[in-house]
file work.tsv (TSV, C-alpha atoms and all ligand atoms)
chain	number	residue	atom	x	y	z
A	1	MET	CA	178.63	17.03	88.06
A	2	HIS	CA	180.32	16.36	84.80
A	3	LEU	CA	178.51	15.66	81.60
A	4	SER	CA	179.93	15.11	78.22
A	5	ILE	CA	177.87	17.08	75.78
A	6	PRO	CA	178.50	16.24	72.16
A	7	PRO	CA	178.45	19.25	69.85
A	8	GLY	CA	177.43	17.05	66.94
A	9	ASN	CA	174.07	15.49	66.33
A	10	MET	CA	174.11	12.25	68.27
A	11	LYS	CA	170.83	10.53	68.69
A	12	GLY	CA	170.12	7.98	71.33
A	13	THR	CA	168.18	6.97	74.35
A	14	MET	CA	169.30	6.35	77.89
A	15	GLU	CA	168.10	2.79	77.67
A	16	GLY	CA	170.62	0.36	76.43
A	17	GLU	CA	172.63	-2.59	77.41
A	18	ALA	CA	176.14	-2.73	78.72
A	19	SER	CA	178.50	-2.13	75.86
A	20	PRO	CA	180.63	-5.07	74.72
A	21	GLU	CA	184.06	-5.28	76.32
A	22	LEU	CA	186.82	-3.69	74.35
A	23	LYS	CA	188.53	-6.03	71.93
A	24	LEU	CA	192.14	-5.16	71.84
A	25	GLU	CA	193.21	-7.15	68.84
A	26	GLY	CA	191.90	-8.14	65.47
A	27	ASP	CA	189.13	-6.22	63.80
A	28	ILE	CA	187.58	-3.14	65.30
A	29	PRO	CA	184.03	-3.98	66.42
A	30	ALA	CA	181.57	-2.04	64.31
A	31	ARG	CA	180.17	-0.12	67.28
A	32	TYR	CA	183.49	1.68	67.68
A	33	VAL	CA	183.91	2.75	64.06
A	34	MET	CA	183.09	6.44	63.65
A	35	PRO	CA	181.07	7.65	60.67
A	36	GLN	CA	183.37	8.80	57.87
A	37	GLN	CA	182.88	12.53	58.47
A	38	ASP	CA	183.70	12.27	62.21
A	39	ARG	CA	186.93	10.30	61.89
A	40	PRO	CA	190.11	12.02	63.01
A	41	SER	CA	192.14	13.79	60.35
A	42	ALA	CA	195.59	15.35	60.74
A	43	ALA	CA	195.69	17.95	63.52
A	44	ALA	CA	196.09	21.60	62.54
A	45	GLY	CA	199.05	21.85	64.93
A	46	VAL	CA	199.73	22.12	68.64
A	47	ALA	CA	197.49	24.51	70.58
A	48	PRO	CA	199.72	27.19	72.17
A	49	ILE	CA	198.05	26.82	75.54
A	50	PRO	CA	199.78	29.01	78.12
A	51	VAL	CA	201.19	27.76	81.39
A	52	VAL	CA	199.94	29.85	84.30
A	53	ASP	CA	201.95	29.90	87.52
A	54	LEU	CA	199.25	29.50	90.14
A	55	GLY	CA	201.47	30.59	93.01
A	56	ARG	CA	202.37	33.84	91.27
A	57	LEU	CA	198.78	34.39	90.16
A	58	SER	CA	197.38	34.24	93.65
A	59	ARG	CA	200.14	36.23	95.35
A	60	PRO	CA	199.87	39.86	94.29
A	61	ASP	CA	203.32	41.23	94.89
A	62	ALA	CA	205.69	43.92	93.92
A	63	ASP	CA	207.33	42.19	90.95
A	64	GLY	CA	204.19	42.38	88.84
A	65	GLY	CA	204.13	38.60	88.50
A	66	ALA	CA	200.45	38.29	89.24
A	67	VAL	CA	199.62	40.78	86.50
A	68	GLU	CA	201.63	38.76	84.01
A	69	GLU	CA	199.93	35.52	84.99
A	70	GLU	CA	196.52	37.19	84.84
A	71	ALA	CA	197.19	38.36	81.30
A	72	LYS	CA	198.05	34.80	80.23
A	73	LEU	CA	194.97	33.47	81.96
A	74	ARG	CA	192.67	36.02	80.36
A	75	TRP	CA	194.05	35.31	76.93
A	76	ALA	CA	193.63	31.55	77.41
A	77	LEU	CA	190.06	31.88	78.63
A	78	GLU	CA	189.03	34.13	75.79
A	79	THR	CA	190.63	31.98	73.12
A	80	TRP	CA	191.33	28.29	73.75
A	81	GLY	CA	189.28	27.82	76.91
A	82	PHE	CA	192.15	25.62	78.19
A	83	PHE	CA	195.21	26.57	80.21
A	84	MET	CA	197.91	24.66	82.06
A	85	ILE	CA	198.88	25.35	85.62
A	86	THR	CA	202.20	24.93	87.31
A	87	ASN	CA	203.24	25.69	90.90
A	88	HIS	CA	199.79	24.38	91.86
A	89	GLY	CA	200.74	22.87	95.19
A	90	ILE	CA	200.31	19.18	94.37
A	91	GLU	CA	203.66	17.53	94.82
A	92	ALA	CA	204.98	15.23	92.11
A	93	SER	CA	204.82	12.23	94.45
A	94	LEU	CA	201.06	12.67	94.95
A	95	MET	CA	200.52	13.11	91.22
A	96	ASP	CA	202.52	9.94	90.56
A	97	ALA	CA	200.58	8.06	93.22
A	98	MET	CA	197.28	9.19	91.65
A	99	MET	CA	198.35	8.15	88.17
A	100	ASN	CA	199.78	4.83	89.36
A	101	ALA	CA	196.69	3.92	91.39
A	102	SER	CA	194.54	4.64	88.32
A	103	LYS	CA	196.75	2.47	86.13
A	104	GLU	CA	196.62	-0.32	88.68
A	105	PHE	CA	192.85	-0.23	88.75
A	106	PHE	CA	192.57	-0.44	84.97
A	107	GLY	CA	195.31	-3.07	84.82
A	108	GLN	CA	193.08	-5.61	86.56
A	109	PRO	CA	191.19	-8.35	84.73
A	110	THR	CA	187.88	-7.21	83.26
A	111	GLU	CA	185.81	-9.28	85.72
A	112	GLU	CA	187.32	-7.38	88.63
A	113	LYS	CA	186.52	-4.00	87.09
A	114	GLN	CA	183.03	-5.08	86.09
A	115	LYS	CA	182.20	-5.48	89.78
A	116	TYR	CA	181.92	-1.70	89.80
A	117	ASN	CA	179.83	-1.45	86.64
A	118	ASN	CA	177.63	1.62	86.56
A	119	ILE	CA	174.87	-0.17	84.69
A	120	ILE	CA	172.44	-1.77	87.04
A	121	ASP	CA	170.10	-4.60	85.93
A	122	GLY	CA	171.42	-4.25	82.39
A	123	LYS	CA	169.68	-0.95	81.81
A	124	ARG	CA	169.68	1.61	84.60
A	125	PHE	CA	172.63	3.97	84.82
A	126	ARG	CA	174.35	5.27	87.87
A	127	LEU	CA	176.57	8.34	87.69
A	128	GLU	CA	179.28	6.52	89.59
A	129	GLY	CA	181.04	3.36	88.61
A	130	TYR	CA	183.10	1.67	85.97
A	131	ARG	CA	182.56	2.54	82.32
A	132	SER	CA	180.43	5.46	83.32
A	133	GLU	CA	178.86	5.92	79.91
A	134	LEU	CA	176.16	8.52	80.02
A	135	LEU	CA	174.77	7.76	76.64
A	136	GLN	CA	174.52	4.26	75.35
A	137	SER	CA	172.03	3.29	72.78
A	138	GLU	CA	171.51	1.20	69.74
A	139	GLY	CA	173.38	2.65	66.82
A	140	GLN	CA	175.62	4.93	68.85
A	141	THR	CA	179.33	4.76	68.16
A	142	LEU	CA	181.22	3.85	71.32
A	143	ASP	CA	184.34	5.50	72.65
A	144	TRP	CA	187.54	3.43	72.74
A	145	SER	CA	188.01	3.91	76.44
A	146	CYS	CA	186.99	2.78	79.90
A	147	ARG	CA	186.14	5.11	82.75
A	148	LEU	CA	185.73	4.93	86.46
A	149	SER	CA	183.65	7.75	87.95
A	150	LEU	CA	183.51	8.46	91.66
A	151	GLN	CA	181.81	11.34	93.43
A	152	VAL	CA	184.27	13.12	95.72
A	153	GLU	CA	182.15	16.08	96.89
A	154	PRO	CA	180.10	16.89	98.87
A	155	GLU	CA	182.10	15.08	101.49
A	156	GLY	CA	179.00	13.65	103.17
A	157	GLU	CA	177.72	12.15	99.94
A	158	ARG	CA	180.63	9.92	99.06
A	159	SER	CA	179.41	6.40	98.34
A	160	PHE	CA	182.43	4.46	99.48
A	161	HIS	CA	180.67	1.15	98.88
A	162	LEU	CA	180.98	1.94	95.16
A	163	TRP	CA	184.70	2.71	95.38
A	164	PRO	CA	187.14	0.01	94.25
A	165	LYS	CA	188.89	-2.04	96.90
A	166	TYR	CA	191.89	-2.50	94.62
A	167	PRO	CA	194.39	-0.99	94.53
A	168	LYS	CA	194.21	-0.46	98.26
A	169	SER	CA	195.79	2.95	97.98
A	170	LEU	CA	193.21	4.30	95.52
A	171	ARG	CA	190.73	5.59	98.05
A	172	ASP	CA	193.19	7.53	100.20
A	173	VAL	CA	195.20	8.79	97.27
A	174	LEU	CA	192.10	10.04	95.47
A	175	LEU	CA	190.77	11.72	98.61
A	176	GLN	CA	194.09	13.42	99.17
A	177	TYR	CA	194.40	14.41	95.52
A	178	ALA	CA	190.82	15.78	95.43
A	179	SER	CA	191.37	17.77	98.62
A	180	ARG	CA	194.21	19.51	96.78
A	181	THR	CA	192.32	20.06	93.53
A	182	LYS	CA	189.59	21.70	95.60
A	183	ILE	CA	192.10	24.32	96.74
A	184	ILE	CA	193.16	24.78	93.11
A	185	LYS	CA	189.53	25.13	92.03
A	186	ASP	CA	188.93	27.87	94.60
A	187	CYS	CA	192.10	29.66	93.61
A	188	ILE	CA	191.03	29.65	89.96
A	189	MET	CA	187.47	30.69	90.82
A	190	ARG	CA	188.91	33.68	92.67
A	191	ALA	CA	191.16	34.55	89.73
A	192	LEU	CA	188.25	34.33	87.28
A	193	ALA	CA	186.14	36.66	89.42
A	194	ASN	CA	189.05	39.10	89.66
A	195	LEU	CA	189.54	39.07	85.91
A	196	LEU	CA	185.90	40.00	85.46
A	197	GLU	CA	186.10	42.57	88.27
A	198	LEU	CA	183.40	40.79	90.19
A	199	ASP	CA	183.37	40.26	93.93
A	200	GLU	CA	186.32	37.92	94.55
A	201	ASP	CA	184.05	35.24	96.02
A	202	TYR	CA	181.40	35.46	93.30
A	203	PHE	CA	182.19	32.06	91.76
A	204	ILE	CA	183.37	30.44	94.99
A	205	ASN	CA	180.01	31.19	96.57
A	206	ARG	CA	178.33	29.30	93.74
A	207	THR	CA	180.69	26.33	93.76
A	208	THR	CA	180.98	25.56	97.46
A	209	THR	CA	181.57	22.27	99.20
A	210	ARG	CA	177.84	21.59	98.73
A	211	ALA	CA	178.37	21.35	94.96
A	212	ARG	CA	179.00	17.98	93.43
A	213	ALA	CA	182.48	17.07	92.24
A	214	LEU	CA	183.11	13.95	90.25
A	215	ALA	CA	186.44	12.22	89.70
A	216	ARG	CA	186.77	10.37	86.45
A	217	LEU	CA	189.70	8.09	85.82
A	218	GLY	CA	190.03	7.31	82.15
A	219	TYR	CA	191.86	4.52	80.37
A	220	TYR	CA	192.41	4.39	76.61
A	221	PRO	CA	193.86	1.07	75.47
A	222	PRO	CA	196.11	1.04	72.40
A	223	CYS	CA	193.99	0.80	69.29
A	224	PRO	CA	195.09	-0.86	66.05
A	225	ARG	CA	193.11	1.66	63.97
A	226	PRO	CA	193.32	5.16	65.46
A	227	ASP	CA	192.12	6.50	62.11
A	228	LEU	CA	188.69	4.90	62.57
A	229	VAL	CA	187.82	5.41	66.23
A	230	LEU	CA	187.82	8.03	68.95
A	231	GLY	CA	188.86	7.53	72.55
A	232	PHE	CA	186.36	10.17	73.64
A	233	LYS	CA	183.98	11.81	71.20
A	234	PRO	CA	183.84	15.61	70.85
A	235	HIS	CA	182.10	17.14	73.83
A	236	TYR	CA	181.92	20.13	76.14
A	237	ASP	CA	182.22	19.65	79.87
A	238	GLY	CA	179.14	20.40	81.96
A	239	GLY	CA	179.25	22.05	85.39
A	240	ALA	CA	181.75	24.73	86.38
A	241	LEU	CA	185.40	23.70	85.99
A	242	SER	CA	187.44	20.65	84.99
A	243	ILE	CA	190.93	19.81	86.27
A	244	LEU	CA	192.64	17.28	84.04
A	245	PHE	CA	195.82	15.35	84.69
A	246	ILE	CA	197.24	13.66	81.59
A	247	GLU	CA	200.55	12.00	80.92
A	248	GLU	CA	202.99	14.23	79.10
A	249	ASN	CA	204.34	11.72	76.62
A	250	VAL	CA	201.20	10.17	75.16
A	251	GLY	CA	199.17	12.90	73.47
A	252	GLY	CA	195.64	12.27	72.22
A	253	LEU	CA	193.75	15.24	73.64
A	254	GLN	CA	192.56	17.76	71.04
A	255	VAL	CA	190.71	21.04	71.23
A	256	LEU	CA	188.53	22.55	68.50
A	257	ARG	CA	189.10	26.16	67.50
A	258	ASN	CA	187.67	27.91	64.45
A	259	GLY	CA	186.63	24.60	62.95
A	260	LYS	CA	190.06	22.94	63.32
A	261	TRP	CA	191.33	20.36	65.79
A	262	TYR	CA	194.60	21.14	67.61
A	263	ASN	CA	196.68	18.82	69.78
A	264	VAL	CA	196.91	19.63	73.46
A	265	LEU	CA	200.24	18.52	74.92
A	266	ALA	CA	200.87	18.45	78.64
A	267	LYS	CA	204.10	19.54	80.25
A	268	PRO	CA	205.60	17.59	83.18
A	269	CYS	CA	203.89	18.16	86.54
A	270	THR	CA	201.28	20.50	85.10
A	271	LEU	CA	197.51	20.18	85.20
A	272	LEU	CA	195.17	21.20	82.42
A	273	ILE	CA	192.18	23.33	83.26
A	274	ASN	CA	189.13	24.08	81.20
A	275	ILE	CA	186.06	25.98	82.11
A	276	ALA	CA	182.69	24.34	81.66
A	277	GLU	CA	179.22	25.41	80.62
A	278	CYS	CA	178.02	27.13	83.81
A	279	ILE	CA	181.04	29.43	84.00
A	280	GLU	CA	180.57	30.29	80.34
A	281	ILE	CA	177.02	31.38	81.21
A	282	MET	CA	178.00	33.21	84.42
A	283	SER	CA	180.78	35.08	82.59
A	284	ASN	CA	178.16	36.08	80.00
A	285	GLY	CA	180.11	34.22	77.33
A	286	ILE	CA	183.39	36.08	77.92
A	287	PHE	CA	185.05	32.82	78.95
A	288	LYS	CA	184.60	29.92	76.58
A	289	SER	CA	184.00	26.29	77.35
A	290	PRO	CA	186.08	24.47	74.72
A	291	PRO	CA	184.94	21.49	72.64
A	292	HIS	CA	187.49	18.73	73.01
A	293	ARG	CA	188.01	15.05	72.18
A	294	VAL	CA	190.57	12.28	72.65
A	295	LEU	CA	192.22	10.26	69.88
A	296	THR	CA	193.61	6.78	70.37
A	297	ASN	CA	197.15	5.61	69.87
A	298	ALA	CA	198.30	2.49	68.06
A	299	GLU	CA	201.15	1.72	70.45
A	300	LYS	CA	200.65	3.51	73.70
A	301	GLU	CA	197.98	3.14	76.32
A	302	ARG	CA	196.76	6.33	77.93
A	303	THR	CA	195.49	7.11	81.42
A	304	SER	CA	193.95	10.36	82.61
A	305	VAL	CA	192.51	11.69	85.86
A	306	ALA	CA	189.84	14.36	85.67
A	307	ILE	CA	188.02	16.12	88.48
A	308	PHE	CA	184.84	17.95	87.48
A	309	TYR	CA	183.49	20.65	89.73
A	310	GLY	CA	179.81	21.51	89.54
A	311	VAL	CA	177.68	24.36	90.88
A	312	ASP	CA	175.61	24.36	94.07
A	313	VAL	CA	172.08	23.10	93.59
A	314	GLU	CA	170.58	26.27	95.00
A	315	THR	CA	172.51	28.47	92.57
A	316	VAL	CA	170.83	30.35	89.79
A	317	VAL	CA	173.08	29.97	86.78
A	318	GLU	CA	172.94	33.33	85.04
A	319	PRO	CA	175.24	36.00	83.63
A	320	ALA	CA	176.70	37.80	86.67
A	321	PRO	CA	174.63	40.98	87.17
A	322	GLY	CA	177.88	42.90	87.72
A	323	LEU	CA	178.83	42.25	84.11
A	324	LEU	CA	175.66	43.73	82.67
A	325	ASP	CA	174.53	47.25	81.86
A	326	GLU	CA	172.60	48.94	79.08
A	327	LYS	CA	175.46	48.34	76.65
A	328	ARG	CA	176.40	44.86	77.84
A	329	LEU	CA	173.23	42.85	77.69
A	330	ALA	CA	172.77	39.34	79.03
A	331	ARG	CA	173.57	36.77	76.37
A	332	PHE	CA	171.99	33.86	78.24
A	333	LYS	CA	168.72	33.33	80.06
A	334	LYS	CA	168.97	32.26	83.67
A	335	ILE	CA	168.42	28.69	84.79
A	336	LYS	CA	168.27	27.24	88.29
A	337	ALA	CA	171.09	24.76	88.88
A	338	GLU	CA	168.44	22.25	89.86
A	339	ASP	CA	166.81	22.63	86.44
A	340	TYR	CA	170.18	22.68	84.73
A	341	TYR	CA	171.08	19.31	86.20
A	342	GLY	CA	167.52	18.08	85.71
A	343	THR	CA	167.42	18.78	81.98
A	344	VAL	CA	171.02	18.56	80.89
A	345	PHE	CA	170.65	14.77	80.45
A	346	GLU	CA	167.66	15.24	78.19
A	347	HIS	CA	169.58	17.68	76.03
A	348	PHE	CA	172.48	15.30	75.97
A	349	ARG	CA	170.16	12.53	74.81
A	350	GLN	CA	168.96	14.69	71.98
A	351	GLY	CA	172.48	15.61	70.94
A	352	LYS	CA	172.00	19.23	72.01
A	353	ARG	CA	173.97	21.57	74.23
A	354	LEU	CA	171.88	23.04	77.00
A	355	ILE	CA	173.68	26.39	76.86
A	356	ASP	CA	172.49	26.84	73.27
A	357	THR	CA	168.87	26.80	74.43
A	358	LEU	CA	169.62	29.67	76.84
A	359	ILE	CA	171.08	32.05	74.26
A	360	ILE	CA	169.09	35.28	74.07
A	401	LIG	O1	191.01	11.82	79.07
A	401	LIG	C1	191.13	12.98	78.72
A	401	LIG	O2	192.21	13.48	78.43
A	401	LIG	C2	189.94	13.87	78.59
A	401	LIG	C3	188.72	13.33	79.23
A	401	LIG	C4	187.57	14.28	79.10
A	401	LIG	O3	187.54	15.16	78.29
A	401	LIG	C5	186.42	14.11	80.00
A	401	LIG	O4	186.40	13.14	80.78
A	401	LIG	O5	185.52	14.95	79.94
A	402	FE	FE	185.92	16.54	78.76

call {"tool": "encode", "arguments": {"input": "work.tsv", "output": "structure tokens", "more": "lines below"}}
Ligand SMILES: O=C(O)CCC(=O)C(=O)O
Ligand SMILES: [Fe+2]
result
Amino acid sequence: MHLSIPPGNMKGTMEGEASPELKLEGDIPARYVMPQQDRPSAAAGVAPIPVVDLGRLSRPDADGGAVEEEAKLRWALETWGFFMITNHGIEASLMDAMMNASKEFFGQPTEEKQKYNNIIDGKRFRLEGYRSELLQSEGQTLDWSCRLSLQVEPEGERSFHLWPKYPKSLRDVLLQYASRTKIIKDCIMRALANLLELDEDYFINRTTTRARALARLGYYPPCPRPDLVLGFKPHYDGGALSILFIEENVGGLQVLRNGKWYNVLAKPCTLLINIAECIEIMSNGIFKSPPHRVLTNAEKERTSVAIFYGVDVETVVEPAPGLLDEKRLARFKKIKAEDYYGTVFEHFRQGKRLIDTLII
């Protein structure tokens, strides 16, 4: 499951009404205007996020390629928390189809999209649906974006009645795309375990097909005042691993490092990966889950496709015992995945990060 956990102090309750529809012209509605101190300022530069060749990484061979890719991966995970992957096995035509189906969905009239609203009876929230806001409350600044969230794993728990009927291709394309990102997720989980010299299946065994995976299609309309609003407020991803597909010529994504925001630019046909909270805990803090946010753009609209992989409900989320000894002590207390998912919303509501409450 994916959660967006704001690092700042955001207060709110889960009760709340559906947010007003985005106004695309004229004044910015007050609920979208960020407090002065949280408004975007000039980026510190472009984050030098490495591109890891997934094929080379997972194919130990004589040319030493895997070792090179591993070194890039390790550096990325210990610094930015983000890396790009190439040679990931998803052909350009499937990526295009995924992006185009997402754009077609968001390109429909509002009434059509509202049929899939994730707010039931004006107040109850469902994880899946259109504008899948997890936190809406009086006084909370809203993100300048729309989202469609659909659970893709476990396979037997897909709620197809909540999936859009238009565009017709969306369902099959998303299922095909997610079947491929699952392979990528496993490949990365294996690589992470190898980097930490754990049993190769250590992370795979905790993120199996029984774990929840959520697809989130995101749409950021052009905004006349990008200096006042955010497309997606600063947050950390919950769960295990996020696979993000963004367009290479739009920009907007930023990552926070040492108190400064850096732009994250995608390269053609690559995917962006970031680890999430549970892997940060299981790696005993060696791998970092990066705070990130999305800015808006005055001219260009922006579409993104994210798949968030969670951990199995029966997993105990804890620093891997193989990483600990008398010199390397656990930096986090353990938490059952069930309790993690049960309380992570409450922490979110209170503007806190669950991982911070587990620090020893
Ligand atoms: O749209 C993006 O580029 C990022 C979205 C994101 O960070 C999220 O959905 O958690
Ligand atoms: Fe995110």

call {"tool": "closest_atom_pairs", "arguments": {"input": "work.tsv", "of": "chain A", "to": "ligand FE 402 (chain A)", "cutoff": "9 Å", "atoms": "all atoms listed in the file", "output": "Markdown table"}}
result
| residue | atom | partner | partner_atom | distance |
| --- | --- | --- | --- | --- |
| A:His2 | CA | A:FE402 | FE | 8.2 |
| A:Leu3 | CA | A:FE402 | FE | 8.0 |
| A:Ser4 | CA | A:FE402 | FE | 6.2 |
| A:Ile5 | CA | A:FE402 | FE | 8.6 |
| A:Phe232 | CA | A:FE402 | FE | 8.2 |
| A:Pro234 | CA | A:FE402 | FE | 8.2 |
| A:His235 | CA | A:FE402 | FE | 6.3 |
| A:Tyr236 | CA | A:FE402 | FE | 6.0 |
| A:Asp237 | CA | A:FE402 | FE | 5.0 |
| A:Gly238 | CA | A:FE402 | FE | 8.4 |
| A:Ser242 | CA | A:FE402 | FE | 7.6 |
| A:Leu244 | CA | A:FE402 | FE | 8.6 |
| A:Asn274 | CA | A:FE402 | FE | 8.6 |
| A:Ala276 | CA | A:FE402 | FE | 8.9 |
| A:Pro290 | CA | A:FE402 | FE | 8.9 |
| A:Pro291 | CA | A:FE402 | FE | 7.9 |
| A:His292 | CA | A:FE402 | FE | 6.4 |
| A:Arg293 | CA | A:FE402 | FE | 7.1 |
| A:Val294 | CA | A:FE402 | FE | 8.8 |
| A:Ala306 | CA | A:FE402 | FE | 8.2 |
| A:Phe308 | CA | A:FE402 | FE | 8.9 |

call {"tool": "residues_near_point", "arguments": {"input": "work.tsv", "point": "(181.2, 30.2, 78.8)", "cutoff": "12 Å", "atoms": "all atoms listed in the file", "output": "PyMOL selection string"}}
result
chain A and resi 77-82+192+236-241+274-291+317-320+331-332+354-356+358-359

call {"tool": "closest_atom_pairs", "arguments": {"input": "work.tsv", "of": "region 12-116 of chain A", "to": "region 245-262 of chain A", "cutoff": "10 Å", "atoms": "all atoms listed in the file", "output": "CSV"}}
result
residue,atom,partner,partner_atom,distance
A:Pro40,CA,A:Trp261,CA,8.9
A:Ser41,CA,A:Trp261,CA,8.6
A:Ala42,CA,A:Trp261,CA,8.3
A:Ala43,CA,A:Tyr262,CA,5.3
A:Ala44,CA,A:Tyr262,CA,5.3
A:Gly45,CA,A:Tyr262,CA,5.2
A:Val46,CA,A:Tyr262,CA,5.3
A:Ala47,CA,A:Tyr262,CA,5.3
A:Pro48,CA,A:Tyr262,CA,9.1
A:Thr79,CA,A:Arg257,CA,8.2
A:Trp80,CA,A:Arg257,CA,7.0
A:Gly81,CA,A:Val255,CA,9.0
A:Phe82,CA,A:Val255,CA,8.5
A:Met84,CA,A:Phe245,CA,9.9
A:Met95,CA,A:Phe245,CA,8.4
A:Met98,CA,A:Phe245,CA,9.4
A:Met99,CA,A:Phe245,CA,8.4

call {"tool": "closest_residue", "arguments": {"input": "work.tsv", "among": "A:Ala97, A:Ile273, A:Ala330, A:Val229", "to": "Leu175 (chain A)", "atoms": "all atoms listed in the file"}}
result
A:Ala97

call {"tool": "residues_around", "arguments": {"input": "work.tsv", "residues": "region 218-223 of chain A", "least_positions_apart": "2", "cutoff": "6 Å", "atoms": "only C-alpha atoms", "output": "PyMOL selection string"}}
result
chain A and resi 145-147+225-226+297-304

call {"tool": "closest_residue", "arguments": {"input": "work.tsv", "among": "A:Gly55, A:Leu295, A:Glu314, A:Glu153", "to": "Asn205 (chain A)", "atoms": "all atoms listed in the file"}}
result
A:Glu314

call {"tool": "atom_distance", "arguments": {"input": "work.tsv", "atom1": "CA of Tyr177 (chain A)", "atom2": "CA of Leu94 (chain A)"}}
result
6.9 Å

call {"tool": "closest_residue", "arguments": {"input": "work.tsv", "among": "A:Phe105, A:Tyr116, A:Tyr309, A:Tyr32", "to": "ligand LIG 401 (chain A)", "atoms": "only C-alpha atoms and all ligand atoms"}}
result
A:Tyr309

call {"tool": "residues_near_point", "arguments": {"input": "work.tsv", "point": "(181.7, 21.0, 97.3)", "cutoff": "12 Å", "atoms": "only C-alpha atoms", "output": "JSON, numbers by chain"}}
result
{"A": [1, 151, 152, 153, 154, 155, 156, 157, 158, 178, 179, 181, 182, 183, 185, 186, 204, 205, 206, 207, 208, 209, 210, 211, 212, 213, 214, 240, 307, 308, 309, 310, 311, 312, 313]}

call {"tool": "closest_residue", "arguments": {"input": "work.tsv", "among": "A:Asp121, A:Glu197, A:Asp143, A:Asp38", "to": "ligand LIG 401 (chain A)", "atoms": "only C-alpha atoms and all ligand atoms"}}
result
A:Asp143

call {"tool": "closest_residue", "arguments": {"input": "work.tsv", "among": "A:Pro164, A:Gly64, A:Pro50, A:Gly231", "to": "ligand LIG 401 (chain A)", "atoms": "all atoms listed in the file"}}
result
A:Gly231

call {"tool": "atom_distance", "arguments": {"input": "work.tsv", "atom1": "CA of Lys327 (chain A)", "atom2": "CA of Ile360 (chain A)"}}
result
14.8 Å

call {"tool": "closest_residue", "arguments": {"input": "work.tsv", "among": "A:Lys115, A:Arg216, A:Lys333, A:His88", "to": "ligand LIG 401 (chain A)", "atoms": "only C-alpha atoms and all ligand atoms"}}
result
A:Arg216

call {"tool": "atom_distance", "arguments": {"input": "work.tsv", "atom1": "CA of Ala193 (chain A)", "atom2": "CA of Arg56 (chain A)"}}
result
16.6 Å

call {"tool": "axis_aligned_box", "arguments": {"input": "work.tsv", "around": "region 286-299 of chain A", "padding_each_side": "4 Å", "output": "lines of an AutoDock Vina configuration file"}}
result
center_x = 192.3
center_y = 18.9
center_z = 73.5
size_x = 25.8
size_y = 42.4
size_z = 18.9
